[in-house]
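Below is the file work_37.txt, which contains compact mmCIF, C-alpha atoms.
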# COMPACT_ATOMS: atom_id res chain seq x y z
CA MET L 22 47.82 -18.49 16.25
CA ASP L 23 47.51 -19.34 19.95
CA LEU L 24 46.07 -15.91 20.83
CA LEU L 25 43.17 -16.24 18.40
CA ASN L 26 42.41 -19.83 19.40
CA THR L 27 42.27 -18.73 23.03
CA LEU L 28 39.99 -15.79 22.20
CA VAL L 29 37.62 -17.96 20.18
CA ASP L 30 37.37 -20.49 23.02
CA LYS L 31 36.67 -17.70 25.52
CA GLY L 32 34.12 -16.06 23.22
CA LEU L 33 32.19 -19.30 22.77
CA ARG L 34 32.09 -19.65 26.57
CA ARG L 35 31.27 -15.93 27.13
CA GLU L 36 34.45 -15.63 29.15
CA LEU L 37 36.18 -12.26 29.51
CA PRO L 38 39.57 -12.02 27.77
CA THR L 39 42.47 -10.50 29.63
CA ARG L 40 43.39 -6.89 28.92
CA GLU L 41 46.65 -8.12 27.43
CA GLU L 42 44.75 -10.33 24.98
CA ALA L 43 42.47 -7.47 23.96
CA LEU L 44 45.46 -5.19 23.40
CA ALA L 45 47.17 -7.92 21.39
CA VAL L 46 44.24 -7.98 18.94
CA LEU L 47 44.74 -4.27 18.25
CA ALA L 48 48.48 -4.86 17.80
CA THR L 49 48.19 -7.61 15.16
CA SER L 50 49.77 -7.00 11.77
CA ASP L 51 48.05 -6.56 8.43
CA ASP L 52 49.35 -10.01 7.46
CA GLU L 53 47.30 -11.44 10.35
CA LEU L 54 44.15 -9.41 9.68
CA LEU L 55 42.13 -12.07 7.88
CA ASP L 56 42.98 -14.56 10.63
CA VAL L 57 41.65 -12.06 13.20
CA VAL L 58 38.43 -11.54 11.21
CA THR L 59 37.97 -15.29 10.79
CA ALA L 60 38.43 -15.93 14.52
CA ALA L 61 36.06 -13.16 15.64
CA GLY L 62 33.62 -14.27 12.95
CA LYS L 63 33.32 -17.67 14.63
CA VAL L 64 32.20 -15.96 17.84
CA ARG L 65 29.76 -13.71 15.95
CA ARG L 66 28.17 -16.69 14.15
CA GLN L 67 27.91 -18.70 17.36
CA TRP L 68 25.60 -16.12 18.94
CA PHE L 69 24.01 -14.37 15.95
CA GLY L 70 24.31 -16.69 12.96
CA ARG L 71 24.42 -14.75 9.69
CA ARG L 72 21.71 -12.26 10.63
CA VAL L 73 22.23 -8.49 10.29
CA LYS L 74 19.93 -6.18 12.22
CA LEU L 75 19.09 -2.89 10.49
CA ASN L 76 18.56 0.31 12.47
CA TYR L 77 17.31 3.67 11.23
CA LEU L 78 18.07 7.10 12.67
CA VAL L 79 15.58 9.96 12.88
CA ASN L 80 17.09 13.25 14.01
CA LEU L 81 14.20 14.84 15.91
CA LYS L 82 16.01 18.12 16.66
CA SER L 83 19.18 19.10 14.85
CA GLY L 84 21.99 21.44 15.93
CA LEU L 85 22.20 24.25 18.49
CA CYS L 86 23.39 21.98 21.31
CA PRO L 87 24.77 23.68 24.46
CA GLU L 88 27.34 20.91 25.04
CA ASP L 89 30.92 21.18 23.74
CA CYS L 90 31.61 17.63 22.52
CA SER L 91 34.66 17.99 20.26
CA TYR L 92 33.60 15.40 17.68
CA CYS L 93 30.06 16.66 17.16
CA SER L 94 28.85 18.93 14.38
CA GLN L 95 25.88 19.97 16.55
CA ARG L 96 28.11 21.17 19.40
CA LEU L 97 28.24 24.57 21.01
CA GLY L 98 30.10 26.91 18.65
CA SER L 99 30.09 24.46 15.72
CA LYS L 100 30.86 26.07 12.38
CA ALA L 101 29.73 23.02 10.43
CA GLY L 102 27.10 23.77 7.80
CA ILE L 103 24.58 21.24 9.02
CA LEU L 104 20.80 21.33 9.01
CA LYS L 105 19.38 23.14 12.03
CA TYR L 106 15.76 22.74 13.10
CA THR L 107 13.68 22.38 16.22
CA TRP L 108 11.50 19.43 17.24
CA LEU L 109 9.77 17.44 14.50
CA LYS L 110 6.07 16.87 15.10
CA PRO L 111 5.05 13.26 15.84
CA ASP L 112 3.54 12.78 12.38
CA GLN L 113 6.69 14.16 10.73
CA ALA L 114 8.91 11.85 12.76
CA SER L 115 6.64 8.89 12.07
CA GLU L 116 6.76 9.63 8.34
CA ALA L 117 10.57 9.78 8.46
CA ALA L 118 10.72 6.49 10.38
CA ALA L 119 8.43 4.80 7.85
CA ALA L 120 11.05 5.21 5.12
CA GLY L 121 13.62 3.27 7.11
CA LEU L 122 11.16 0.59 8.12
CA ALA L 123 10.14 0.14 4.47
CA GLY L 124 13.83 -0.38 3.69
CA GLY L 125 14.08 -3.26 6.15
CA ALA L 126 14.96 -1.56 9.42
CA LYS L 127 13.82 -3.30 12.58
CA ARG L 128 14.65 -0.54 15.04
CA VAL L 129 14.05 3.22 14.86
CA CYS L 130 16.42 5.41 16.86
CA LEU L 131 14.92 8.77 17.85
CA VAL L 132 17.70 11.25 18.56
CA ALA L 133 17.62 14.86 19.75
CA SER L 134 20.53 17.20 20.36
CA GLY L 135 20.85 18.87 23.75
CA ARG L 136 22.13 18.26 27.25
CA GLY L 137 19.02 16.32 28.16
CA PRO L 138 15.24 16.42 27.78
CA THR L 139 12.84 18.60 29.73
CA ASP L 140 9.65 16.94 30.92
CA ARG L 141 7.87 18.63 28.00
CA ASP L 142 10.44 17.09 25.64
CA VAL L 143 9.70 13.67 27.11
CA ASP L 144 6.01 14.28 26.38
CA ARG L 145 6.87 15.16 22.76
CA VAL L 146 8.98 12.05 22.30
CA SER L 147 6.35 9.88 24.01
CA ASP L 148 3.77 11.07 21.48
CA THR L 149 6.20 10.28 18.67
CA ILE L 150 6.89 6.79 20.02
CA LYS L 151 3.16 6.08 20.18
CA ALA L 152 2.63 7.37 16.63
CA ILE L 153 5.38 5.13 15.25
CA LYS L 154 4.22 2.05 17.14
CA ASP L 155 0.58 2.56 16.22
CA GLN L 156 1.48 2.52 12.54
CA ASN L 157 4.18 -0.17 12.52
CA GLU L 158 3.62 -3.51 14.20
CA GLY L 159 6.70 -5.11 15.73
CA VAL L 160 8.98 -2.08 15.42
CA GLU L 161 11.54 -1.41 18.15
CA VAL L 162 12.03 2.19 19.26
CA CYS L 163 15.18 3.47 20.92
CA ALA L 164 15.37 6.99 22.35
CA CYS L 165 18.57 9.01 22.56
CA LEU L 166 17.91 12.33 24.25
CA GLY L 167 20.96 12.96 26.42
CA LEU L 168 21.20 12.98 30.20
CA LEU L 169 18.04 11.75 31.93
CA SER L 170 16.52 13.17 35.10
CA ASP L 171 14.79 11.01 37.70
CA GLY L 172 11.59 9.45 36.41
CA GLN L 173 12.13 10.25 32.73
CA ALA L 174 13.30 6.76 31.77
CA GLU L 175 10.17 5.30 33.37
CA ARG L 176 7.97 7.69 31.40
CA LEU L 177 9.66 6.73 28.12
CA ARG L 178 9.19 3.05 28.97
CA GLU L 179 5.49 3.63 29.68
CA ALA L 180 5.17 5.40 26.31
CA GLY L 181 6.44 2.27 24.57
CA ALA L 182 10.18 2.88 24.21
CA ASP L 183 12.13 -0.36 24.05
CA ALA L 184 15.64 0.99 24.52
CA TYR L 185 17.70 4.02 25.47
CA ASN L 186 21.05 4.98 23.96
CA HIS L 187 23.77 6.86 25.79
CA ASN L 188 27.36 6.27 24.67
CA LEU L 189 30.52 6.25 26.78
CA ASN L 190 32.46 7.40 23.71
CA THR L 191 35.97 7.13 25.18
CA SER L 192 37.87 6.03 28.27
CA GLU L 193 37.21 7.66 31.62
CA SER L 194 40.80 8.90 31.84
CA THR L 195 40.60 10.83 28.57
CA TYR L 196 36.96 11.90 28.72
CA GLY L 197 37.84 15.40 29.87
CA ASP L 198 39.91 15.89 26.71
CA ILE L 199 36.78 15.40 24.61
CA THR L 200 34.02 17.04 26.67
CA THR L 201 34.03 19.63 29.45
CA THR L 202 30.33 20.46 29.88
CA HIS L 203 29.40 17.15 31.48
CA THR L 204 31.28 14.23 33.00
CA TYR L 205 31.85 10.57 32.36
CA ALA L 206 29.96 9.85 35.58
CA ASP L 207 26.95 11.76 34.21
CA ARG L 208 26.82 9.31 31.33
CA VAL L 209 27.07 6.31 33.62
CA ASP L 210 24.18 7.61 35.68
CA THR L 211 21.88 7.88 32.65
CA VAL L 212 22.61 4.33 31.46
CA GLN L 213 21.91 3.07 34.95
CA LYS L 214 18.61 4.99 34.99
CA ALA L 215 17.63 3.33 31.70
CA HIS L 216 18.53 -0.11 33.08
CA ALA L 217 16.55 0.48 36.27
CA ALA L 218 13.47 1.53 34.28
CA GLY L 219 13.46 -1.71 32.30
CA LEU L 220 14.74 -0.18 29.07
CA SER L 221 17.26 -2.08 26.98
CA ALA L 222 20.53 -0.20 27.41
CA CYS L 223 22.52 0.79 24.33
CA SER L 224 25.98 2.28 24.91
CA GLY L 225 29.07 2.41 22.77
CA LEU L 226 32.15 4.31 21.71
CA ILE L 227 33.73 6.55 19.10
CA ALA L 228 37.10 5.45 17.68
CA GLY L 229 39.49 7.73 15.84
CA MET L 230 39.55 10.73 18.18
CA GLY L 231 43.24 10.36 18.95
CA GLU L 232 42.89 7.67 21.61
CA SER L 233 45.50 5.01 22.35
CA ASP L 234 44.97 1.26 22.23
CA GLU L 235 44.77 1.34 26.03
CA ASP L 236 41.95 3.90 25.85
CA LEU L 237 39.98 1.70 23.46
CA VAL L 238 40.36 -1.35 25.67
CA ASP L 239 39.45 0.70 28.75
CA VAL L 240 36.17 1.93 27.29
CA VAL L 241 35.17 -1.50 25.98
CA TYR L 242 35.88 -3.10 29.36
CA SER L 243 33.83 -0.37 31.02
CA LEU L 244 31.02 -1.12 28.59
CA ARG L 245 31.14 -4.78 29.45
CA ALA L 246 30.87 -3.86 33.13
CA LEU L 247 27.94 -1.57 32.32
CA ASP L 248 26.27 -4.53 30.58
CA PRO L 249 24.33 -2.97 27.66
CA ASP L 250 22.35 -5.03 25.17
CA SER L 251 23.94 -3.28 22.22
CA VAL L 252 27.29 -1.59 21.66
CA PRO L 253 27.45 0.87 18.74
CA VAL L 254 30.97 1.36 17.40
CA ASN L 255 31.29 4.77 15.76
CA PHE L 256 34.30 5.77 13.67
CA LEU L 257 34.87 9.52 13.92
CA ILE L 258 33.62 11.49 10.93
CA PRO L 259 35.92 14.54 10.93
CA VAL L 260 33.46 17.23 9.92
CA GLU L 261 34.83 20.61 8.93
CA GLY L 262 33.93 23.21 11.55
CA THR L 263 34.54 20.89 14.54
CA PRO L 264 37.68 20.71 16.74
CA LEU L 265 38.48 17.20 15.49
CA ALA L 266 38.13 18.00 11.78
CA LYS L 267 41.81 17.17 11.15
CA GLU L 268 41.79 13.85 13.01
CA TRP L 269 42.14 11.23 10.27
CA ASN L 270 43.67 8.45 12.39
CA LEU L 271 41.88 5.37 11.07
CA THR L 272 42.57 2.86 8.35
CA PRO L 273 40.16 0.12 7.21
CA GLN L 274 42.45 -2.43 8.84
CA ARG L 275 42.42 -0.64 12.20
CA CYS L 276 38.64 -0.38 12.10
CA LEU L 277 38.39 -4.13 11.59
CA ARG L 278 40.76 -4.81 14.49
CA ILE L 279 38.70 -2.54 16.74
CA LEU L 280 35.47 -4.35 15.81
CA ALA L 281 37.14 -7.73 16.39
CA MET L 282 38.37 -6.63 19.83
CA VAL L 283 34.86 -5.46 20.76
CA ARG L 284 33.41 -8.79 19.63
CA PHE L 285 35.90 -10.78 21.70
CA VAL L 286 35.24 -8.69 24.83
CA CYS L 287 31.46 -8.59 24.26
CA PRO L 288 30.82 -11.91 22.50
CA ASP L 289 27.04 -12.23 22.88
CA VAL L 290 25.99 -8.58 22.62
CA GLU L 291 24.62 -6.77 19.58
CA VAL L 292 27.70 -5.06 18.12
CA ARG L 293 26.55 -2.32 15.75
CA ILE L 294 28.68 -0.62 13.11
CA ALA L 295 27.53 2.96 13.43
CA GLY L 296 28.73 6.31 12.05
CA GLY L 297 31.76 6.46 9.81
CA ARG L 298 31.83 2.99 8.28
CA GLU L 299 31.58 4.35 4.74
CA VAL L 300 34.32 6.91 5.41
CA HIS L 301 36.85 4.63 7.08
CA LEU L 302 36.04 1.00 6.16
CA ARG L 303 35.18 1.95 2.58
CA THR L 304 35.46 -1.12 0.29
CA MET L 305 36.18 -3.36 3.30
CA GLN L 306 32.72 -2.86 4.80
CA PRO L 307 31.57 -6.40 3.90
CA LEU L 308 34.37 -7.89 6.02
CA ALA L 309 33.03 -5.99 9.01
CA LEU L 310 29.76 -7.92 8.79
CA HIS L 311 31.72 -10.97 9.96
CA LEU L 312 32.39 -9.09 13.21
CA ALA L 313 29.27 -7.00 13.86
CA ASN L 314 25.67 -8.18 13.62
CA SER L 315 24.00 -4.78 13.29
CA ILE L 316 24.33 -1.62 11.16
CA PHE L 317 22.55 1.65 10.49
CA LEU L 318 20.63 1.84 7.23
CA GLY L 319 20.99 4.95 5.07
CA ASP L 320 21.94 8.37 6.46
CA TYR L 321 23.12 9.44 9.91
CA LEU L 322 22.18 12.46 11.99
CA THR L 323 23.89 15.26 10.11
CA THR L 324 25.91 13.38 7.49
CA GLU L 325 24.98 11.11 4.60
CA GLY L 326 25.58 7.38 4.51
CA GLN L 327 25.73 5.17 1.47
CA ALA L 328 22.50 4.42 -0.35
CA GLY L 329 20.14 2.13 1.53
CA LYS L 330 19.88 -0.09 -1.56
CA ALA L 331 23.67 -0.48 -1.52
CA ASP L 332 23.52 -1.54 2.14
CA LEU L 333 21.02 -4.28 1.33
CA GLU L 334 23.02 -5.45 -1.69
CA MET L 335 26.20 -5.55 0.40
CA ILE L 336 24.54 -7.72 3.04
CA ALA L 337 23.21 -10.17 0.44
CA ASP L 338 26.44 -10.29 -1.57
CA ALA L 339 28.43 -11.05 1.59
CA GLY L 340 26.19 -14.04 2.32
CA PHE L 341 24.26 -12.53 5.22
CA GLU L 342 20.54 -11.97 5.70
CA VAL L 343 18.51 -9.10 7.11
CA GLU L 344 17.04 -9.90 10.51
CA GLY L 345 13.23 -9.87 10.45
CA THR L 346 10.88 -8.32 12.98
CA GLY L 347 9.81 -11.78 14.08
CA GLN L 348 13.36 -12.79 14.98
CA VAL L 349 14.88 -12.17 18.41
CA THR L 350 18.20 -10.35 18.19
CA LEU L 351 19.88 -11.47 21.39
CA PRO L 352 20.84 -15.08 22.16
CA GLU L 353 18.29 -17.03 24.17
CA HIS L 354 20.35 -17.07 27.37
CA ARG L 355 20.36 -13.28 27.41
CA VAL L 356 16.65 -12.99 26.74
CA THR L 357 15.63 -15.54 29.35
CA ALA L 358 17.94 -13.95 31.92
CA GLY L 359 15.40 -11.14 32.02
CA THR L 360 17.99 -8.43 32.54
CA GLY L 361 18.04 -7.10 29.03
CA GLY L 362 21.56 -8.40 29.00
CA GLY L 363 24.77 -6.94 27.86
CA CYS L 364 28.11 -8.29 26.87
CA GLY L 365 28.47 -10.89 29.56
CA SER L 366 27.40 -11.58 33.10
CA HIS L 367 28.34 -9.13 35.82
CA ALA L 368 30.41 -11.81 37.48
CA GLU L 369 32.67 -11.88 34.45
CA SER L 370 32.71 -8.17 33.90
CA GLY L 371 35.97 -7.42 35.59
CA CYS L 372 36.57 -4.19 37.39
CA GLY L 373 36.52 -0.71 36.02
CA SER L 374 34.07 2.07 36.47
CA HIS L 375 30.73 2.06 34.77
CA ALA L 376 30.31 4.58 32.02
CA ASP L 377 27.48 6.39 30.36
CA THR L 378 26.73 8.36 27.31
CA GLY L 379 26.07 11.96 27.05
CA CYS L 380 24.01 14.67 25.67
CA GLY L 381 23.32 15.50 22.12
CA SER L 382 24.32 13.28 19.23
CA HIS L 383 27.39 12.34 17.26
CA GLU L 384 26.99 13.99 13.88
CA GLY L 385 27.77 10.91 11.94
CA GLY L 386 27.24 8.53 14.74
CA GLY L 387 25.01 5.79 15.87
CA CYS L 388 22.38 7.36 18.00
CA GLY L 389 24.66 8.38 20.80
CA PRO L 390 25.04 11.66 22.63
CA CYS L 391 28.06 13.88 22.64
CA GLY L 392 30.87 15.11 24.82
CA SER L 393 33.95 17.16 23.92
CA ALA L 394 36.96 19.23 24.81
CA ALA L 395 37.25 22.95 24.37
CA ASP L 396 38.82 24.07 21.11
CA GLU L 397 41.96 25.37 22.76
CA GLN L 398 42.81 22.09 24.45
CA ALA L 399 45.66 20.04 23.06
CA PRO L 400 44.48 17.38 20.60
CA ALA L 401 44.64 13.80 21.75
CA ALA L 402 46.18 12.64 18.46
CA ALA L 403 49.65 12.60 19.97
CA ARG L 404 48.66 9.46 21.86
CA VAL L 405 47.97 7.48 18.68
CA PRO L 406 50.62 5.00 17.54
CA GLU L 407 52.27 6.18 14.31
CA THR L 408 51.30 2.93 12.59
CA ALA L 409 47.64 3.76 13.17
CA ARG L 410 47.87 7.26 11.73
CA ALA L 411 48.22 6.21 8.11
CA SER L 412 44.80 7.07 6.72
CA GLU L 413 44.71 9.93 4.26
CA ALA L 414 42.04 12.56 4.74
CA ARG L 415 39.05 11.52 2.63
CA THR L 416 37.01 14.66 2.91
CA ASP L 417 35.32 13.70 -0.36
CA LEU L 418 33.50 10.96 1.57
CA VAL L 419 32.03 13.36 4.13
CA ALA L 420 28.76 14.89 2.96
CA VAL L 421 26.44 16.93 5.14
CA ARG L 422 22.89 15.54 5.13
CA ARG L 423 20.50 17.63 3.02
CA ARG L 424 17.61 15.15 2.75
CA GLY L 425 15.21 13.30 5.01
CA ALA L 426 14.13 14.59 8.42
CA GLY L 427 13.98 18.37 8.59
CA THR L 428 13.86 18.80 4.80
CA ASP L 429 11.33 18.44 1.99
CA LEU L 430 13.43 15.81 0.22
CA ALA L 431 12.92 12.06 0.40
CA PRO L 432 15.19 10.27 2.90
CA ASN L 433 17.87 7.75 2.02
CA ALA L 434 16.64 4.37 3.17

Can you turn what I pasted into structure tokens?
Amino acid sequence: MDLLNTLVDKGLRRELPTREEALAVLATSDDELLDVVTAAGKVRRQWFGRRVKLNYLVNLKSGLCPEDCSYCSQRLGSKAGILKYTWLKPDQASEAAAAGLAGGAKRVCLVASGRGPTDRDVDRVSDTIKAIKDQNEGVEVCACLGLLSDGQAERLREAGADAYNHNLNTSESTYGDITTTHTYADRVDTVQKAHAAGLSACSGLIAGMGESDEDLVDVVYSLRALDPDSVPVNFLIPVEGTPLAKEWNLTPQRCLRILAMVRFVCPDVEVRIAGGREVHLRTMQPLALHLANSIFLGDYLTTEGQAGKADLEMIADAGFEVEGTGQVTLPEHRVTAGTGGGCGSHAESGCGSHADTGCGSHEGGGCGPCGSAADEQAPAAARVPETARASEARTDLVAVRRRGAGTDLAPNA
């Protein structure tokens, strides 16, 4: 298939595909799916071998967010029956993180719902970062606290944070359909603040909210221009009590095509399968490891993931290995560039506005803040091609988290 040969060649050279080529990946048929996975897998192995990086989420403050992100169970007015609690103390957060690290996680993602942190909140998180790093040599810590004010990124960096997450979530043109309490530009600004402070930028998307193929390509091209080190790909978990609870637009095959498209556009970046993989990829999760080089271990922010032991068994059975703390995630050319890197050099980025991630966190998502449309706004599902809207609602696979951080029960790790 000429398209796939071209995309492999470009991926091995870190060359940006055309928009038409990216759209063509999403338009491939089910008969071509294994060819698409094989082609993108060649690019993944070129830059990351067979290593899989494990990340672990700690929800520092759950629920009661003032933002109206449509996909999020922690949003303003959410009727979802999630855990609600205020800030964990540093020792509580460190204890929660230890479970994930014992399970093989290399990075801990500290997430808190809300529009953005106060200076006092930054102090709290700084104490937590120090507690985790004092007790765990070699651990990476990523903070995800929403929109940052001037100077806050620098303070987190001084406290020992390695990275900051703030997701774009969707295309700039449709962002207002998902969130009204902050803007796409707000998200861009926070990612740029993290970059400027020397933090590794982490910014990704949420698929399955009713977006078109063009929207998906737009947001991934904006991410490439933004140049993060890691791109989390969330698949919407339609939680009852949220405006998007009825949006079941994904099939396992579409999820794989989306991951392949992200890999081709961002060949040498850490592509992370985040929230929703168990719900939408289901038994095809192992195939996704040929496309992404990073996953979350265990549970998410407000929903449960599959057992941590099952994650480790899946990685081993698929012929991959867990990345150790002594191994460098990014390819050498990105590390030596000294920029923290992203999915390609700025010269190759193409045009398109930068984007940023928001405030609060995706309930099932990979440490990324939220943004959403008001309940009365028309759903975006009408934009989705009929062929992509074939997935039956699997509400049996959506379980609200009742263990781990904020509870007296042992976490899943």

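Using only C-alpha atoms, the smallest distance between any of L:Thr200, L:Thr323, L:Gln173, L:Asn157 and L:Gly84 comes from L:Thr323.
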
Could you build a table of the residues in stretch 157-223 of chain L lying no more than 12 Å from stretch 120-129 of chain L, giving for each the nearest pair of atoms and their separation in Å rounded to one decimal place, using all atoms listed in the file, ordered by chain and ascending residue number, as a Markdown table?
| residue | atom | partner | partner_atom | distance |
| --- | --- | --- | --- | --- |
| L:Asn157 | CA | L:Leu122 | CA | 8.3 |
| L:Glu158 | CA | L:Lys127 | CA | 10.3 |
| L:Gly159 | CA | L:Lys127 | CA | 8.0 |
| L:Val160 | CA | L:Lys127 | CA | 5.7 |
| L:Glu161 | CA | L:Arg128 | CA | 4.5 |
| L:Val162 | CA | L:Val129 | CA | 4.9 |
| L:Cys163 | CA | L:Val129 | CA | 6.2 |
| L:Ala164 | CA | L:Val129 | CA | 8.5 |
| L:Cys165 | CA | L:Val129 | CA | 10.6 |
| L:Ala182 | CA | L:Val129 | CA | 10.1 |
| L:Asp183 | CA | L:Arg128 | CA | 9.4 |
| L:Ala184 | CA | L:Arg128 | CA | 9.7 |
| L:Tyr185 | CA | L:Val129 | CA | 11.2 |
| L:Asn186 | CA | L:Val129 | CA | 11.6 |

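Residue nearest L:Met335 within the list L:Leu55, L:Leu177, L:Ala117, L:Leu308: L:Leu308 [criterion: smallest interatomic distance, all atoms listed in the file].
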
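With distances taken over all atoms listed in the file, L:Leu33 is the one residue among L:Leu33, L:Leu244, L:Thr211, L:Lys154 lying closest to L:Phe69.
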
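For the pair atom CA of L:Gly32 and atom CA of L:Phe285, the separation is 5.8 Å.
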
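Note that the spacing between atom CA of L:Asp320 and atom CA of L:Leu257 amounts to 15.0 Å.
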
message: Env of L:Glu299: 8 Å cut, atoms = all atoms listed in the file, seq-sep filter 5 positions within chain, self excluded. Answer as an NGL selection string.
response: :L and (306 or 326-327 or 418)

statement: Here atom CA of L:Ala434 and atom CA of L:Glu342 stand apart by 17.0 Å

query: Which one of L:Ser115, L:Thr202, L:Gln67, L:Asn190 sits closest to L:Asp148 if you count only C-alpha atoms?
result: L:Ser115

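Counting only C-alpha atoms and comparing L:Ala218, L:Val73, L:Ala281, L:Leu318, the residue that lies closest to L:Ala331 is L:Leu318.
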
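Closest to L:Ile103 among L:Val349, L:Leu85, L:Val212, L:Val300 is L:Leu85, based on all atoms listed in the file.
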
query: If we count only C-alpha atoms, what is near L:Arg71 at a cut-off of 8 Å, once residues fewer than 5 positions away on the same chain are taken out, given as a count of residues only?
result: 5
